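Chemist: Handing over start_15.cif, mmCIF, C-alpha atoms and all ligand atoms.
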```cif
data_coords
#
loop_
_atom_site.label_atom_id
_atom_site.label_comp_id
_atom_site.auth_asym_id
_atom_site.auth_seq_id
_atom_site.Cartn_x
_atom_site.Cartn_y
_atom_site.Cartn_z
CA VAL U 29 -25.40 -4.10 0.19
CA LYS U 30 -24.99 -3.56 3.88
CA ILE U 31 -21.94 -1.50 4.65
CA ASN U 32 -20.63 -2.00 8.14
CA LYS U 33 -20.26 1.25 10.01
CA PRO U 34 -16.61 1.93 10.65
CA ARG U 35 -15.64 1.34 14.23
CA ALA U 36 -14.91 5.01 14.50
CA THR U 37 -14.20 4.98 18.21
CA ASN U 38 -11.20 2.77 17.80
CA VAL U 39 -9.75 4.64 14.87
CA THR U 40 -10.36 8.22 15.94
CA ARG U 41 -9.22 7.70 19.50
CA HIS U 42 -5.84 6.47 18.31
CA HIS U 43 -5.85 9.03 15.54
CA ARG U 44 -6.00 11.84 18.08
CA GLN U 45 -2.95 10.50 19.83
CA LEU U 46 -0.72 10.95 16.81
CA SER U 47 0.72 14.38 16.10
CA TYR U 48 2.80 16.14 13.49
CA ASP U 49 5.34 17.40 16.03
CA TYR U 50 5.59 14.27 18.16
CA HIS U 51 9.37 14.07 17.81
CA ALA U 52 10.01 17.84 17.81
CA LYS U 53 12.03 17.63 21.04
CA THR U 54 13.32 14.05 20.98
CA CYS U 55 14.46 13.94 17.36
CA PRO U 56 14.01 17.26 15.56
CA GLN U 57 15.99 16.14 12.51
CA LEU U 58 13.98 12.91 12.05
CA GLU U 59 12.42 13.73 8.68
CA GLN U 60 15.73 14.87 7.19
CA LEU U 61 17.44 11.72 8.39
CA VAL U 62 14.83 9.49 6.76
CA ALA U 63 14.83 11.68 3.62
CA SER U 64 18.59 11.26 3.18
CA VAL U 65 18.10 7.50 3.03
CA THR U 66 14.94 7.42 0.90
CA SER U 67 16.28 9.83 -1.71
CA GLN U 68 19.50 7.88 -2.15
CA GLN U 69 17.59 4.61 -2.21
CA TYR U 70 15.22 5.96 -4.87
CA ARG U 71 18.17 6.96 -7.06
CA GLU U 72 19.89 3.60 -6.69
CA SER U 73 16.83 1.37 -6.99
CA PRO U 74 13.61 3.16 -7.96
CA ILE U 75 11.53 0.05 -7.30
CA SER U 76 11.96 0.82 -3.61
CA GLY U 77 9.29 3.48 -4.19
CA PRO U 78 6.25 1.40 -5.09
CA SER U 79 7.34 -1.50 -2.92
CA THR U 80 7.67 0.64 0.23
CA ILE U 81 4.25 2.23 -0.36
CA ARG U 82 2.77 -1.23 -0.67
CA LEU U 83 4.68 -2.37 2.42
CA PHE U 84 3.06 0.44 4.41
CA PHE U 85 -0.41 -0.56 3.16
CA HIS U 86 0.15 -4.20 4.07
CA ASP U 87 1.46 -3.17 7.49
CA CYS U 88 -1.48 -0.92 8.35
CA PHE U 89 -4.15 -3.41 7.29
CA VAL U 90 -2.73 -6.21 9.45
CA GLU U 91 -2.68 -5.42 13.20
CA GLY U 92 -2.56 -1.69 12.41
CA CYS U 93 0.40 0.56 11.48
CA ASP U 94 2.84 -1.03 13.89
CA ALA U 95 5.66 -2.41 11.74
CA SER U 96 4.38 -5.95 12.39
CA ILE U 97 5.22 -6.67 8.75
CA LEU U 98 8.94 -6.11 9.39
CA ILE U 99 9.32 -8.87 11.99
CA ALA U 100 11.41 -11.84 10.87
CA SER U 101 10.05 -15.36 11.26
CA ARG U 102 11.51 -17.61 13.91
CA PRO U 103 11.47 -21.41 14.01
CA GLY U 104 7.93 -22.38 14.91
CA SER U 105 6.41 -18.95 14.35
CA MET U 106 5.89 -17.72 10.82
CA ALA U 107 5.68 -13.92 10.74
CA GLU U 108 3.58 -11.71 8.43
CA LYS U 109 6.39 -11.04 5.97
CA ASP U 110 6.51 -14.70 4.99
CA ALA U 111 2.78 -14.99 4.34
CA GLN U 112 1.80 -15.73 0.74
CA ASP U 113 0.37 -12.22 0.19
CA ASN U 114 3.66 -10.61 1.19
CA LYS U 115 6.06 -12.85 -0.64
CA ASN U 116 6.24 -10.50 -3.62
CA LEU U 117 7.37 -7.55 -1.53
CA PRO U 118 10.94 -6.97 -2.73
CA VAL U 119 13.84 -6.89 -0.27
CA GLU U 120 14.49 -3.29 -1.33
CA ALA U 121 11.46 -2.11 0.62
CA PHE U 122 12.68 -3.75 3.82
CA GLY U 123 16.20 -2.49 3.06
CA SER U 124 15.28 1.19 3.00
CA ILE U 125 13.48 0.94 6.33
CA ARG U 126 16.42 -0.90 7.88
CA LYS U 127 18.89 1.76 6.66
CA ALA U 128 16.69 4.64 7.78
CA LYS U 129 16.20 3.04 11.19
CA ALA U 130 19.96 2.52 11.60
CA LEU U 131 20.64 6.18 10.85
CA VAL U 132 17.87 7.39 13.18
CA GLU U 133 19.09 5.12 15.99
CA GLU U 134 22.55 6.60 15.59
CA LYS U 135 21.29 10.19 16.05
CA CYS U 136 18.22 9.69 18.26
CA PRO U 137 18.62 6.35 20.03
CA GLY U 138 15.54 4.54 21.32
CA VAL U 139 12.86 7.13 20.61
CA VAL U 140 11.50 6.60 17.10
CA SER U 141 9.46 3.50 16.25
CA CYS U 142 9.89 1.46 13.09
CA ALA U 143 6.21 2.14 12.40
CA ASP U 144 6.79 5.92 12.27
CA ILE U 145 9.82 5.47 10.03
CA LEU U 146 7.77 3.35 7.62
CA ALA U 147 5.02 6.00 7.50
CA ILE U 148 7.55 8.75 6.76
CA ALA U 149 9.41 6.67 4.15
CA ALA U 150 6.17 5.82 2.32
CA ARG U 151 5.35 9.54 2.09
CA ASP U 152 8.87 10.32 0.86
CA PHE U 153 8.57 7.77 -1.95
CA VAL U 154 5.16 9.11 -3.00
CA HIS U 155 6.77 12.54 -3.29
CA LEU U 156 9.95 11.30 -4.99
CA ALA U 157 7.80 9.70 -7.72
CA GLY U 158 6.10 13.04 -8.38
CA GLY U 159 3.21 12.77 -5.91
CA PRO U 160 2.13 15.09 -3.12
CA TYR U 161 4.27 15.95 -0.09
CA TYR U 162 1.93 15.71 2.88
CA GLN U 163 2.79 16.02 6.57
CA VAL U 164 2.95 12.72 8.46
CA LYS U 165 1.53 12.30 11.96
CA LYS U 166 3.81 10.41 14.33
CA GLY U 167 3.76 8.72 17.72
CA ARG U 168 3.16 5.08 16.75
CA TRP U 169 4.69 2.28 18.80
CA ASP U 170 5.76 -1.01 17.25
CA GLY U 171 3.55 -4.09 17.64
CA ARG U 172 4.20 -7.23 19.61
CA ILE U 173 2.25 -9.54 17.30
CA SER U 174 3.21 -10.68 13.81
CA MET U 175 1.53 -13.84 12.58
CA ALA U 176 1.41 -15.03 8.99
CA SER U 177 -2.00 -16.55 9.64
CA ARG U 178 -3.55 -13.11 10.22
CA VAL U 179 -2.53 -11.68 6.85
CA SER U 180 -4.81 -12.97 4.12
CA SER U 181 -8.13 -12.21 5.83
CA ASN U 182 -7.07 -8.57 6.28
CA LEU U 183 -5.90 -7.83 2.75
CA PRO U 184 -7.87 -7.45 -0.49
CA ARG U 185 -7.40 -9.93 -3.32
CA ALA U 186 -6.83 -8.94 -6.96
CA ASN U 187 -10.28 -10.31 -7.82
CA SER U 188 -12.21 -9.00 -4.81
CA THR U 189 -15.57 -7.46 -5.64
CA VAL U 190 -16.34 -3.84 -4.78
CA ASP U 191 -18.63 -5.13 -2.03
CA GLN U 192 -15.76 -7.08 -0.54
CA LEU U 193 -13.37 -4.14 -0.86
CA LEU U 194 -15.86 -1.83 0.83
CA LYS U 195 -16.47 -4.25 3.64
CA LEU U 196 -12.76 -4.57 4.28
CA PHE U 197 -11.98 -0.85 3.99
CA THR U 198 -14.89 0.24 6.18
CA SER U 199 -13.83 -2.30 8.79
CA LYS U 200 -10.56 -0.31 8.94
CA GLY U 201 -12.36 3.01 9.25
CA LEU U 202 -11.83 3.96 5.60
CA SER U 203 -14.57 5.29 3.32
CA LEU U 204 -15.63 4.73 -0.27
CA GLU U 205 -13.65 7.85 -1.25
CA ASP U 206 -10.60 6.55 0.61
CA LEU U 207 -10.83 3.23 -1.25
CA VAL U 208 -10.81 4.97 -4.63
CA ALA U 209 -8.11 7.49 -3.67
CA LEU U 210 -5.80 4.86 -2.14
CA SER U 211 -6.20 2.58 -5.15
CA GLY U 212 -4.62 5.48 -7.05
CA ALA U 213 -1.31 4.26 -5.62
CA HIS U 214 -1.50 1.86 -8.58
CA THR U 215 -0.42 4.83 -10.70
CA ILE U 216 3.09 3.43 -10.16
CA GLY U 217 4.48 -0.06 -9.86
CA PHE U 218 3.95 -3.48 -11.38
CA ALA U 219 1.99 -6.68 -10.90
CA HIS U 220 2.89 -10.29 -11.65
CA CYS U 221 0.80 -12.10 -14.27
CA GLU U 222 -0.76 -14.46 -11.73
CA HIS U 223 -2.86 -11.58 -10.38
CA PHE U 224 -4.69 -10.84 -13.64
CA VAL U 225 -4.08 -13.76 -16.01
CA THR U 226 -7.54 -15.32 -15.61
CA ARG U 227 -9.05 -12.01 -16.76
CA LEU U 228 -7.15 -12.43 -20.04
CA TYR U 229 -8.27 -15.95 -20.91
CA ASN U 230 -10.98 -17.35 -18.70
CA TYR U 231 -13.09 -14.67 -17.08
CA ARG U 232 -15.39 -16.22 -14.46
CA GLY U 233 -15.05 -19.64 -16.08
CA THR U 234 -16.35 -18.46 -19.48
CA LYS U 235 -13.14 -19.35 -21.38
CA GLN U 236 -13.42 -15.81 -22.73
CA PRO U 237 -11.50 -12.68 -21.72
CA ASP U 238 -13.07 -10.15 -19.37
CA PRO U 239 -15.26 -8.00 -21.66
CA SER U 240 -14.25 -4.89 -19.72
CA ILE U 241 -10.66 -4.95 -21.07
CA ASP U 242 -9.75 -2.79 -24.06
CA PRO U 243 -8.92 -5.17 -26.99
CA ARG U 244 -5.50 -3.67 -27.74
CA PHE U 245 -4.58 -3.65 -24.07
CA LEU U 246 -5.75 -7.27 -23.86
CA LYS U 247 -3.53 -8.25 -26.76
CA ALA U 248 -0.49 -6.60 -25.22
CA LEU U 249 -1.08 -8.24 -21.84
CA ARG U 250 -1.54 -11.65 -23.45
CA MET U 251 1.85 -11.28 -25.11
CA SER U 252 3.49 -10.87 -21.69
CA CYS U 253 1.33 -13.40 -19.91
CA PRO U 254 0.45 -16.71 -21.59
CA TYR U 255 -2.28 -18.74 -19.90
CA PHE U 256 0.03 -21.69 -19.33
CA GLY U 257 3.77 -22.02 -18.91
CA GLY U 258 4.64 -18.35 -18.63
CA ASN U 259 7.62 -17.07 -16.70
CA VAL U 260 6.40 -16.45 -13.15
CA ASP U 261 8.65 -13.41 -12.78
CA VAL U 262 7.03 -11.41 -15.59
CA VAL U 263 5.29 -8.22 -14.49
CA ALA U 264 3.09 -5.63 -16.18
CA PRO U 265 2.79 -1.97 -15.22
CA PHE U 266 -0.38 -0.92 -13.41
CA ASP U 267 -0.39 2.37 -15.32
CA VAL U 268 0.56 1.77 -18.95
CA THR U 269 0.86 5.49 -19.65
CA THR U 270 3.14 6.69 -16.82
CA PRO U 271 4.29 3.67 -14.78
CA PHE U 272 6.98 5.59 -12.91
CA SER U 273 5.18 8.83 -12.28
CA PHE U 274 2.80 9.41 -9.39
CA ASP U 275 0.00 11.20 -11.26
CA HIS U 276 -3.75 10.79 -11.82
CA ALA U 277 -3.37 8.88 -15.11
CA TYR U 278 -4.54 5.71 -13.31
CA TYR U 279 -8.12 6.99 -13.29
CA GLY U 280 -8.02 7.88 -16.99
CA ASN U 281 -6.88 4.33 -17.71
CA LEU U 282 -9.87 2.91 -15.87
CA GLN U 283 -12.18 5.01 -18.04
CA ALA U 284 -10.37 3.64 -21.12
CA LYS U 285 -10.84 0.00 -19.97
CA MET U 286 -7.17 -0.29 -19.15
CA GLY U 287 -7.29 -1.22 -15.48
CA LEU U 288 -4.88 -4.06 -14.73
CA LEU U 289 -6.52 -5.92 -11.85
CA ALA U 290 -10.20 -6.77 -11.70
CA THR U 291 -10.35 -4.57 -8.57
CA ASP U 292 -8.93 -1.59 -10.47
CA GLN U 293 -11.40 -1.86 -13.34
CA ALA U 294 -14.26 -2.56 -10.93
CA LEU U 295 -13.92 0.93 -9.47
CA PHE U 296 -15.08 2.34 -12.79
CA LEU U 297 -17.73 -0.31 -13.41
CA ASP U 298 -19.47 0.11 -10.05
CA PRO U 299 -21.97 2.99 -9.91
CA ARG U 300 -20.96 3.82 -6.34
CA THR U 301 -17.29 4.39 -7.13
CA ARG U 302 -17.48 5.56 -10.75
CA PRO U 303 -18.30 9.21 -9.91
CA ILE U 304 -15.18 9.36 -7.72
CA VAL U 305 -13.04 7.83 -10.48
CA LEU U 306 -14.34 10.50 -12.88
CA GLU U 307 -13.70 13.30 -10.42
CA LEU U 308 -10.14 12.24 -9.53
CA GLY U 309 -9.34 11.54 -13.17
CA LYS U 310 -10.19 15.10 -14.10
CA ASP U 311 -8.09 16.91 -11.56
CA LYS U 312 -4.61 16.00 -10.36
CA GLN U 313 -4.78 18.37 -7.39
CA LYS U 314 -8.02 16.78 -6.24
CA PHE U 315 -6.39 13.36 -6.45
CA PHE U 316 -3.37 14.55 -4.50
CA GLN U 317 -5.60 16.03 -1.81
CA ALA U 318 -7.80 12.94 -1.54
CA PHE U 319 -4.77 10.64 -1.54
CA SER U 320 -2.95 12.60 1.19
CA ALA U 321 -6.04 12.65 3.41
CA ALA U 322 -6.64 8.94 2.86
CA MET U 323 -2.99 8.10 3.64
CA GLU U 324 -3.30 9.98 6.93
CA LYS U 325 -6.40 7.95 7.78
CA MET U 326 -4.77 4.69 6.71
CA GLY U 327 -1.69 5.66 8.72
CA SER U 328 -3.73 5.83 11.91
CA ILE U 329 -5.32 2.37 11.72
CA GLY U 330 -4.86 0.42 14.94
CA VAL U 331 -2.08 2.63 16.21
CA LYS U 332 -0.52 1.59 19.52
CA ARG U 333 0.76 3.94 22.12
CA GLY U 334 2.91 3.15 25.11
CA ARG U 335 4.60 0.16 26.64
CA LYS U 336 1.35 -1.51 27.60
CA HIS U 337 0.29 -2.16 24.00
CA GLY U 338 3.48 -1.70 22.04
CA GLU U 339 7.23 -1.88 22.01
CA MET U 340 10.15 0.21 20.78
CA ARG U 341 12.44 -1.88 18.59
CA LYS U 342 16.07 -1.23 17.90
CA ASP U 343 16.22 -3.66 15.01
CA CYS U 344 12.92 -3.52 13.08
CA GLY U 345 13.09 -7.25 12.36
CA VAL U 346 13.16 -8.50 15.95
CA HIS U 347 11.14 -7.91 19.10
CA PRO U 348 13.28 -6.36 21.84
C1 LIG U 401 -7.89 -1.90 -3.32
C2 LIG U 401 -7.38 -3.10 -3.21
C3 LIG U 401 -5.99 -3.46 -3.63
C4 LIG U 401 -5.65 -4.62 -4.25
C5 LIG U 401 -6.58 -5.77 -4.62
C6 LIG U 401 -4.23 -4.57 -4.50
C7 LIG U 401 -3.51 -5.59 -5.08
C8 LIG U 401 -2.21 -5.48 -5.52
C9 LIG U 401 -1.51 -6.49 -6.26
C10 LIG U 401 -2.04 -7.86 -6.61
C11 LIG U 401 -0.27 -5.99 -6.55
C12 LIG U 401 0.82 -6.68 -7.38
C13 LIG U 401 1.85 -7.36 -6.50
C14 LIG U 401 2.86 -8.11 -7.33
O1 LIG U 401 2.47 -8.84 -8.22
O2 LIG U 401 4.07 -7.96 -7.05
C15 LIG U 401 -0.21 -4.66 -6.01
C16 LIG U 401 0.84 -3.80 -6.13
C17 LIG U 401 0.90 -2.55 -5.58
N1 LIG U 401 -0.01 -2.00 -4.70
FE1 LIG U 401 -1.90 -2.66 -4.42
N2 LIG U 401 -3.75 -3.39 -4.04
C18 LIG U 401 -4.78 -2.67 -3.49
C19 LIG U 401 -4.68 -1.46 -2.84
C20 LIG U 401 -3.50 -0.77 -2.67
C21 LIG U 401 -3.32 0.35 -1.77
C22 LIG U 401 -4.39 0.90 -0.85
C23 LIG U 401 -2.05 0.78 -1.90
C24 LIG U 401 -1.32 1.89 -1.21
C25 LIG U 401 -1.88 2.97 -0.75
C26 LIG U 401 -1.42 -0.07 -2.90
C27 LIG U 401 -0.16 0.08 -3.40
C28 LIG U 401 0.44 -0.77 -4.32
C29 LIG U 401 1.69 -0.47 -5.00
C30 LIG U 401 2.48 0.83 -4.92
C31 LIG U 401 1.98 -1.60 -5.80
C32 LIG U 401 3.18 -1.81 -6.71
C33 LIG U 401 4.24 -2.58 -6.00
C34 LIG U 401 5.49 -2.80 -6.82
O3 LIG U 401 5.58 -2.41 -7.98
O4 LIG U 401 6.44 -3.40 -6.24
N3 LIG U 401 -2.32 -1.01 -3.31
N4 LIG U 401 -1.38 -4.38 -5.38
CA CA U 402 0.85 -4.05 11.10
CA CA U 403 1.33 7.07 -13.28
#
```
Reformat the file's structure so that it appears as structure tokens.
Modeler:
Amino acid sequence: VKINKPRATNVTRHHRQLSYDYHAKTCPQLEQLVASVTSQQYRESPISGPSTIRLFFHDCFVEGCDASILIASRPGSMAEKDAQDNKNLPVEAFGSIRKAKALVEEKCPGVVSCADILAIAARDFVHLAGGPYYQVKKGRWDGRISMASRVSSNLPRANSTVDQLLKLFTSKGLSLEDLVALSGAHTIGFAHCEHFVTRLYNYRGTKQPDPSIDPRFLKALRMSCPYFGGNVDVVAPFDVTTPFSFDHAYYGNLQAKMGLLATDQALFLDPRTRPIVLELGKDKQKFFQAFSAAMEKMGSIGVKRGRKHGEMRKDCGVHP
């Protein structure tokens, strides 16, 4: 397989422009302000955690980390959030960003982008669920473009092959290691049946289940997800062992043939990614380190700086 070289120039140049202390003078209390919202939100509706982390991923992969995913559609222009791939993102995720932005605007008007707030909130939720607390680089501006039509080609599908995943991730400046570490976000959260149901009944048109699923796990999943006529709202946990805790159990599940999506299980089946799955499954600290580093890289995809390329929104849902 030919792996496209990451367009490192693009990514690193913007990367260098972000900094940990970007708001030290303009909004020194920024992280506490966001934390007060995320911690309360996590107590009141814990599903804000996984959904905000996913929101951040879907933002960064489409037009870069620029809060383009938060823009509301207008008549005649369908925005990213209403694209098919984003329709399962619960309102809670958008709600926490809106609340955090409102509080930040009250204390530090006009200086902090929605994109930075989303990056900080995603980190907070990782930590609140038991994951690592890593420092977040800041200095992103919000994006001017949000088009539903740009979404699907920039996001992975639940049945993408490892080749396809690699091609997509390297095109964003992310490595093989980053792909495996970031997929570890599936240590929390849930997926709707539609994303894995063909694995349970008709794998690649064989009318048989995917042979790489553990038989007991298969049976349990089939109980929740019938092939026909199931309830479309039913979800299954990504990590059957600790669905609410941000730990490295995800990688152990893959070794036990209990990956939920084809893309999860594929990371253990593919000889290129298997060694990384084994390594991260052995050592929680190693996973935390790899995940934090990969989140920093993901958080610097396509970052915009300044009025020429970006904007500073007051309301994250509308262009100023
Ligand atoms: C590697 C390719 C990936 C694929 C194919 C994929 C696909 C999916 C799918 C299909 C869902 C279920 C959505 C639903 O039914 O509601 C999901 C959920 C989720 N994804 Fe991924 N994902 C990938 C990578 C990532 C990355 C890189 C992150 C973050 C760093 C992430 C974080 C999450 C989280 C936290 C959830 C749970 C959301 C919830 O419970 O509300 N995923 N993903
Ligand atoms: Ca974006
Ligand atoms: Ca877990």
Chemist: Produce as a list in words the set of residues near ligand CA 402 (chain U), where near means within 9 Å with only C-alpha atoms and all ligand atoms considered.
Modeler: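 The residues within 9 Å of ligand CA 402 (chain U), counting only C-alpha atoms and all ligand atoms, are Phe84, Phe85, His86, Asp87, Cys88, Phe89, Val90, Glu91, Gly92, Cys93, Asp94, Ala95, Ser96, Ile97, Leu98, Glu108, Ala143, Asp170, Gly171, Ile173, Ser174, Ile329, Gly330 and Val331 of chain U.
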Chemist: If you count only C-alpha atoms and all ligand atoms, which residues end up within 6 Å of ligand CA 403 (chain U), as JSON, numbers by chain?
Modeler: {"U": [215, 216, 267, 270, 271, 272, 273, 274, 275, 277]}
Chemist: List all protein, DNA and RNA residues that have an atom no more than 7 Å from any atom of ligand LIG 401 (chain U), counting all atoms listed in the file, and report them as a list in words.
Modeler: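 Checking all atoms listed in the file against ligand LIG 401 (chain U) at 7 Å gives Ile75, Pro78, Ser79, Ile81, Arg82, Phe85, Asn116, Leu117, Pro118, Pro184, Arg185, Ala186, Asn187, Ser188, Leu193, Leu207, Leu210, Ser211, Ala213, His214, Ile216, Gly217, Phe218, Ala219, His220, His223, Val263, Thr291 and Met323 of chain U.
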Chemist: What does the distance from atom CA of Arg227 of chain U to atom CA of Ile304 of chain U come to in Å, to one decimal?
Modeler: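 Taking atom CA of Arg227 of chain U and atom CA of Ile304 of chain U, their separation equals 24.0 Å.
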Chemist: For Ala248 of chain U, which residue out of U:Pro265, U:Gly158, U:Pro303, U:Gly212 is the nearest one, using only C-alpha atoms?
Modeler: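 Selected residue with least distance to Ala248 of chain U: U:Pro265.
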Chemist: Which is closer to Arg341 of chain U than all the others in U:Asp49, U:Glu120, U:Glu133, U:Asp110, using all atoms listed in the file?
Modeler: U:Glu133
Chemist: Skipping near chain neighbours, those fewer than 3 positions away, what residues fall within 12 Å of Gln68 of chain U using all atoms listed in the file, listed as an MDAnalysis selection string?
Modeler: chainID U and resid 61:65 71:74 76:77 124 127:128 149 152:153 156
Chemist: Near Gly280 of chain U, counting only C-alpha atoms, which residues have an atom at most 10 Å away, once you skip same-chain residues fewer than 3 positions from it, shown as a PDB file with C-alpha atoms, keeping the file's coordinate frame?
Modeler:
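Dumped everything to around-v8.pdb:
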```pdb
ATOM      1  CA  ASP U 267      -0.390   2.370 -15.320  1.00  0.00           C
ATOM      2  CA  THR U 269       0.860   5.490 -19.650  1.00  0.00           C
ATOM      3  CA  HIS U 276      -3.750  10.790 -11.820  1.00  0.00           C
ATOM      4  CA  ALA U 277      -3.370   8.880 -15.110  1.00  0.00           C
ATOM      5  CA  GLN U 283     -12.180   5.010 -18.040  1.00  0.00           C
ATOM      6  CA  ALA U 284     -10.370   3.640 -21.120  1.00  0.00           C
ATOM      7  CA  LYS U 285     -10.840   0.000 -19.970  1.00  0.00           C
ATOM      8  CA  MET U 286      -7.170  -0.290 -19.150  1.00  0.00           C
ATOM      9  CA  GLY U 287      -7.290  -1.220 -15.480  1.00  0.00           C
ATOM     10  CA  PHE U 296     -15.080   2.340 -12.790  1.00  0.00           C
ATOM     11  CA  VAL U 305     -13.040   7.830 -10.480  1.00  0.00           C
ATOM     12  CA  LEU U 306     -14.340  10.500 -12.880  1.00  0.00           C
ATOM     13  CA  LEU U 308     -10.140  12.240  -9.530  1.00  0.00           C
ATOM     14  CA  GLY U 309      -9.340  11.540 -13.170  1.00  0.00           C
ATOM     15  CA  LYS U 310     -10.190  15.100 -14.100  1.00  0.00           C
TER      16      LYS U 310
END
```
Chemist: Set the distance at 10 Å and use only C-alpha atoms: which residues neighbour Cys221 of chain U once local chain neighbours fewer than 6 positions away are removed? I'd like the list as a ChimeraX atom specification.
Modeler: /U:228,249-250,252-255,258-264,288-289
Chemist: Taking all atoms listed in the file into account, which of U:Leu131, U:Val139, U:Ala176, U:Val190 comes nearest Arg300 of chain U?
Modeler: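 Ranked by minimum distance to Arg300 of chain U, first place goes to U:Val190.
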Chemist: Identify which of the residues U:Leu196, U:Met106, U:Ala121, U:Val154 lies closest to Asn182 of chain U, counting all atoms listed in the file when measuring atom-to-atom distances.
Modeler: U:Leu196
Chemist: Residues at most 10 Å from Ala321 of chain U, counting all atoms listed in the file, excluding those fewer than 6 positions away in the same chain, as a PDB file with C-alpha atoms, in the coordinates of the input?
Modeler:
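New file around-v5.pdb:
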```
ATOM      1  CA  TYR U 162       1.930  15.710   2.880  1.00  0.00           C
ATOM      2  CA  GLN U 163       2.790  16.020   6.570  1.00  0.00           C
ATOM      3  CA  ASP U 206     -10.600   6.550   0.610  1.00  0.00           C
ATOM      4  CA  ALA U 209      -8.110   7.490  -3.670  1.00  0.00           C
ATOM      5  CA  LEU U 210      -5.800   4.860  -2.140  1.00  0.00           C
ATOM      6  CA  PHE U 315      -6.390  13.360  -6.450  1.00  0.00           C
ATOM      7  CA  GLY U 327      -1.690   5.660   8.720  1.00  0.00           C
TER       8      GLY U 327
END
```
Chemist: May I ask for the distance between atom CA of Ala294 of chain U and atom CA of Leu146 of chain U, given in Å to one decimal place?
Modeler: 29.4 Å
Chemist: Residues near Ala111 of chain U, anyone? I mean within 9 Å using all atoms listed in the file, not counting same-chain ones fewer than 4 positions away, as a list of chain:residue names.
Modeler: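 Skipping anything fewer than 4 positions along the chain leaves U:Met106, U:Ala107, U:Lys115, U:Met175, U:Ala176, U:Ser177, U:Arg178, U:Val179, U:Ser180.
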Chemist: Work out how far apart atom CA of His347 of chain U and atom CA of Ser141 of chain U are and give it in Å to one decimal.
Modeler: 11.9 Å
